[in-house]
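See structure below.
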Protein chains: 2
Amino acid sequence: MISKTYLVTGAAGFIGAALAKQFIEQGSKVVTIDNLSTGFRESIPEGVIFIEGNCQDESIINQLNSYQFDAIFHIAGQSSGEISFEDPVYDLQTNAQSTLLLLKYALKTNCKKFIYASTMSVYGDQPDIPITEEASTLPKSFYAVGKLASEHYLDIYSKYSIDIVALRLFNVYGPGQNMENLKQGMVSIFLAQALTNKKIIVKGNPQRFRDLVYIEDIINSFTIFLGVNKPGYRYYNVSTGIRTTISDLLDKIIAYLPYEVSVEYSDSTPGDQFGIYGDATKIEKELGWKYQTDLDKGLKKMINSILTYNE
Amino acid sequence: MISKTYLVTGAAGFIGAALAKQFIEQGSKVVTIDNLSTGFRESIPEGVIFIEGNCQDESIINQLNSYQFDAIFHIAGQSSGEISFEDPVYDLQTNAQSTLLLLKYALKTNCKKFIYASTMSVYGDQPDIPITEEASTLPKSFYAVGKLASEHYLDIYSKYSIDIVALRLFNVYGPGQNMENLKQGMVSIFLAQALTNKKIIVKGNPQRFRDLVYIEDIINSFTIFLGVNKPGYRYYNVSTGIRTTISDLLDKIIAYLPYEVSVEYSDSTPGDQFGIYGDATKIEKELGWKYQTDLDKGLKKMINSILTYNE
């Protein structure tokens, strides 16, 4: 097997770390850029070449100049709609300017594959049906605006014969998710609260719903594109197609935790969507991806991993 | 009449200068920010308070801090799809980051009206019918991506009880248009070539078409919103609804010029649209705006103004 070289931005974060780990275990060479703003240095898998800094800084991108990547996975970036209201300009830079600089680097170094972590947030408020990729895009947070602008950049750059894919990730969860950030990741927030206080505080209506995708399935959606030759720009939902209410999720969490927890309700957060779940037909048809881990199995695995870690 | 205070960004440019001039003539106070990258210091109307710099620089916005504006007109920004391919990062900053900072300023200073110069380019390639505001947005240049991101920011900020309007300007022309910039403004490019070389070079197919709007009508579309109370975010085509081919335009220009000119054809430019014209029903119905100057009248006025200026 010929060893490959990949750039995985954000490898100190939840998804980036999991993807980088898999590549390292397969014997590939991995470089990452991460600013450690929400990720942790110790989360970066061993063996990954680490450049500390922002992907939106030209001086940081210039440090890549000796590498010729087989593919670029751009995952770094502030990833919360809620937090994006704190500093919209930073959000624009981390989520849109970074993409421009990495696309420019891909073009300059003749890298032929570019995989981008986009988000279901680009859809904004939608009717209560499985949302297909044909739905209109109505971003409701600064985070979502930056991600959507990045998608448009990908479309423009695909004209320069780079294969480009944007993955519109729905709600990702699983082992490795940051349990200390109480503003990001619905499952991890609930579990962290249960763990520390034996009490879960729900911000907003329990009838809101989500489409929860297990981390391993997410990683597969990133790697599957490596084996496919699809010129041009494509974008896909990475979703299960299953509508899970907050209430359903809480029931499961409570059932799988080995101790009692209580639940309390508070106000909603700005830019939060009432609910969205994604039709996953397109990625299954075109790339053969389908989720493998259902919510029960995924939650059990995540809870086990947390309990083991805390023992 | 109570005197008003307005911020008109980009008052060294074609549209900004015309708008600022009208306000000054009405006895209003006008402040502008302009980086003079394409505009000219001498184009800024007399009496306008001029801050030289970029709207995307926080230090420049901070210089506004003593002013309380009755309305902000954000017109500054690199305004060519073609040129946006030269430096996409600059384009993002000038066309999207600038809007964020000005919206933040509006919110902080309790300014209640914000009028934004957007563009028909947000639509991208569309079928050959009058395009309504309901059409999908598929930006094909870095310029258009930045403008669309700005529109999304306006939508988000309108939740903070600022009345916000985005005007999707179609092809603007008229006296005052920069005749020295041969990359921007179809009518001015053709006229400038006719004037200097007695020869017009057409980049691309003469069957491409445009929707040409005279500068005075554009200025009216900006000011009409001052007298209207429409809370929330609104966006409108500012168009005539008339489909003019390049070939038709050239025929008229040749007819109205007092000397002979020849025409030559060359390649098209990146990100250029084959053609688009806009349905203007929405702005007429909701704000009462309709174009007043047809192409024949507008071209004659523009040609007269240039010939007088060059005598």
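Convention: chains lettered A, B, ... in structure tokens order; per-chain residue numbering from 1; ligands numbered from 1 as shown.
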Considering only C-alpha atoms, return as an mmCIF file with C-alpha atoms, in the first residue's frame whatever protein or nucleic-acid residues lie within 8 Å of A:Ile61, sequence-local ones (same chain, fewer than 5 positions apart) excluded.
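Here's the written file out-v5.cif:
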```
data_model
loop_
_atom_site.group_PDB
_atom_site.id
_atom_site.type_symbol
_atom_site.label_atom_id
_atom_site.label_comp_id
_atom_site.auth_asym_id
_atom_site.auth_seq_id
_atom_site.Cartn_x
_atom_site.Cartn_y
_atom_site.Cartn_z
ATOM 1 C CA CYS A 55 -6.246 28.470 9.033
ATOM 2 C CA GLN A 56 -7.365 32.004 8.165
ATOM 3 C CA LEU A 101 -6.828 30.171 1.797
ATOM 4 C CA LEU A 102 -6.907 26.369 1.836
ATOM 5 C CA TYR A 105 -3.228 26.249 -1.421
#
```
What are the residues of chain B lining chain A at 8 Å or less? Count only C-alpha atoms, and put the answer as an mmCIF file with C-alpha atoms, in the first residue's frame.
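Ended up saving to iface_21.cif:
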```cif
data_model
loop_
_atom_site.group_PDB
_atom_site.id
_atom_site.type_symbol
_atom_site.label_atom_id
_atom_site.label_comp_id
_atom_site.auth_asym_id
_atom_site.auth_seq_id
_atom_site.Cartn_x
_atom_site.Cartn_y
_atom_site.Cartn_z
ATOM 1 C CA PRO B 88 -10.757 36.627 -2.947
ATOM 2 C CA VAL B 89 -9.703 37.264 0.660
ATOM 3 C CA LEU B 92 -14.539 38.775 1.483
ATOM 4 C CA GLN B 97 -16.701 41.817 7.008
ATOM 5 C CA LEU B 100 -20.756 43.044 9.935
ATOM 6 C CA LEU B 101 -18.870 45.963 11.464
ATOM 7 C CA SER B 136 -32.495 30.577 -5.778
ATOM 8 C CA LEU B 138 -26.157 30.614 -6.669
ATOM 9 C CA PRO B 139 -23.256 33.085 -6.542
ATOM 10 C CA LYS B 140 -20.610 32.451 -9.200
ATOM 11 C CA SER B 141 -17.928 34.974 -8.209
ATOM 12 C CA PHE B 142 -16.175 35.791 -4.943
ATOM 13 C CA VAL B 145 -20.485 35.269 -2.373
ATOM 14 C CA GLY B 146 -19.502 38.215 -0.164
ATOM 15 C CA ALA B 149 -23.163 36.612 2.988
ATOM 16 C CA HIS B 152 -27.637 36.933 5.435
ATOM 17 C CA TYR B 153 -26.024 39.155 8.060
ATOM 18 C CA ASP B 155 -31.356 39.188 8.017
ATOM 19 C CA ILE B 156 -29.808 38.188 11.343
#
```
* Do a neighbour search on A:Arg168 at 7 Å with only C-alpha atoms, toss out local chain neighbours closer than 2 positions, and write the hits as number ranges by chain. => A: 117-120, 166, 170, 236-238
* Write out as a PyMOL selection string all residues of stretch 12-244 of chain A that DSSP puts in strand (DSSP E or B) for this structure's backbone. => chain A and resi 29-34+49-52+71-74+113-119+131+163-169+171-173+199-203+209-210+212-214+233-238+244
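Using only C-alpha atoms, the protein and nucleic acid residues lying no more than 8 Å from B:Asp211, apart from those fewer than 2 places from it along its own chain, are Phe170, Asn171, Phe209, Val213, Ser239, Thr240, Gly241, Ile242, Arg243, Thr244, Ile276, Tyr277 and Gly278 of chain B.
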* To do: For stretch 196-203 of chain A, work out the shell of residues within 12 Å, counting only C-alpha atoms and skipping chain neighbours fewer than 4 positions away, then give it as a PyMOL selection string.
  => chain A and resi 82+179-180+182-183+186-192+207-208+246-247+249-251+253-254+257-270+272-274+306-307+310
Selection to disk with C-alpha atoms, as a short mmCIF file (atom, residue, chain, number, x, y, z; two decimals), in the first residue's frame:
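Result file follows (out23.cif):
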```
data_model
loop_
_atom_site.label_atom_id
_atom_site.label_comp_id
_atom_site.auth_asym_id
_atom_site.auth_seq_id
_atom_site.Cartn_x
_atom_site.Cartn_y
_atom_site.Cartn_z
CA GLU A 82 -24.72 30.09 19.57
CA MET A 179 -17.40 17.17 27.69
CA GLU A 180 -16.15 20.46 29.10
CA LEU A 182 -21.30 23.35 27.77
CA LYS A 183 -22.29 25.43 24.73
CA MET A 186 -26.40 18.46 22.55
CA VAL A 187 -25.57 14.89 23.61
CA SER A 188 -22.26 15.81 25.22
CA ILE A 189 -23.86 18.74 27.08
CA PHE A 190 -26.60 16.52 28.51
CA LEU A 191 -24.15 13.78 29.46
CA ALA A 192 -21.69 16.20 31.03
CA GLN A 207 -40.30 18.77 21.51
CA ARG A 208 -37.49 20.23 19.40
CA ILE A 246 -35.03 16.13 22.80
CA SER A 247 -37.54 14.31 24.96
CA LEU A 249 -33.06 11.58 23.62
CA LEU A 250 -33.40 12.38 27.33
CA ASP A 251 -35.41 9.19 27.91
CA ILE A 253 -29.88 8.88 28.20
CA ILE A 254 -31.70 8.39 31.48
CA LEU A 257 -27.06 5.88 32.69
CA PRO A 258 -26.32 3.69 35.70
CA TYR A 259 -27.68 6.30 38.13
CA GLU A 260 -30.67 8.62 38.58
CA VAL A 261 -30.72 12.08 36.95
CA SER A 262 -33.32 14.87 37.03
CA VAL A 263 -34.30 17.20 34.18
CA GLU A 264 -34.97 20.96 34.29
CA TYR A 265 -36.05 23.39 31.51
CA SER A 266 -34.78 26.91 30.69
CA ASP A 267 -34.88 29.49 27.81
CA SER A 268 -33.72 28.82 24.27
CA THR A 269 -30.46 30.14 22.79
CA PRO A 270 -30.17 32.66 19.91
CA ASP A 272 -31.03 27.76 17.61
CA GLN A 273 -33.28 25.85 15.22
CA PHE A 274 -36.53 24.32 16.34
CA ILE A 306 -17.22 8.24 29.53
CA LEU A 307 -17.76 6.03 32.57
CA ASN A 310 -13.90 8.68 34.68
#
```
Tell me, counting only C-alpha atoms, for each residue of stretch 92-204 of chain B within 8 Å of stretch 215-226 of chain B, which pair of atoms is nearest and how far apart they are in Å to one decimal, in rows ordered by chain and increasing number, as CSV.
```
residue,atom,partner,partner_atom,distance
B:Lys113,CA,B:Leu226,CA,7.7
B:Ile115,CA,B:Phe222,CA,7.0
B:Val165,CA,B:Phe225,CA,7.9
B:Leu167,CA,B:Ser221,CA,7.8
B:Leu169,CA,B:Ile218,CA,7.7
B:Val172,CA,B:Ile215,CA,6.1
B:Tyr173,CA,B:Ile215,CA,5.8
B:Gly174,CA,B:Ile215,CA,5.3
B:Pro175,CA,B:Ile215,CA,7.6
```
Selected residues, C-alpha atoms, written as an mmCIF file, in the first residue's frame, please.
```cif
data_model
loop_
_atom_site.group_PDB
_atom_site.id
_atom_site.type_symbol
_atom_site.label_atom_id
_atom_site.label_comp_id
_atom_site.auth_asym_id
_atom_site.auth_seq_id
_atom_site.Cartn_x
_atom_site.Cartn_y
_atom_site.Cartn_z
ATOM 1 C CA LYS B 113 -32.351 52.189 9.261
ATOM 2 C CA ILE B 115 -29.787 50.246 3.450
ATOM 3 C CA VAL B 165 -33.243 46.638 3.205
ATOM 4 C CA LEU B 167 -31.222 46.408 -2.874
ATOM 5 C CA LEU B 169 -28.918 46.362 -8.076
ATOM 6 C CA VAL B 172 -26.167 50.600 -13.183
ATOM 7 C CA TYR B 173 -25.055 53.242 -15.693
ATOM 8 C CA GLY B 174 -25.123 56.987 -16.142
ATOM 9 C CA PRO B 175 -23.167 60.220 -15.780
#
```
* Spatial neighbours of B:Gln26, max dist 10 Å, only C-alpha atoms, sep filter under 5 positions, as a PyMOL selection string -> chain B and resi 1+3-4+20-21
* To do: Could you tell me, as a PyMOL selection string, which residues of stretch 11-260 of chain B DSSP assigns to alpha helix (DSSP H) when given the backbone?
  => chain B and resi 14-25+58-62+88-92+98-108+142-157+186-197+215-223+246-256
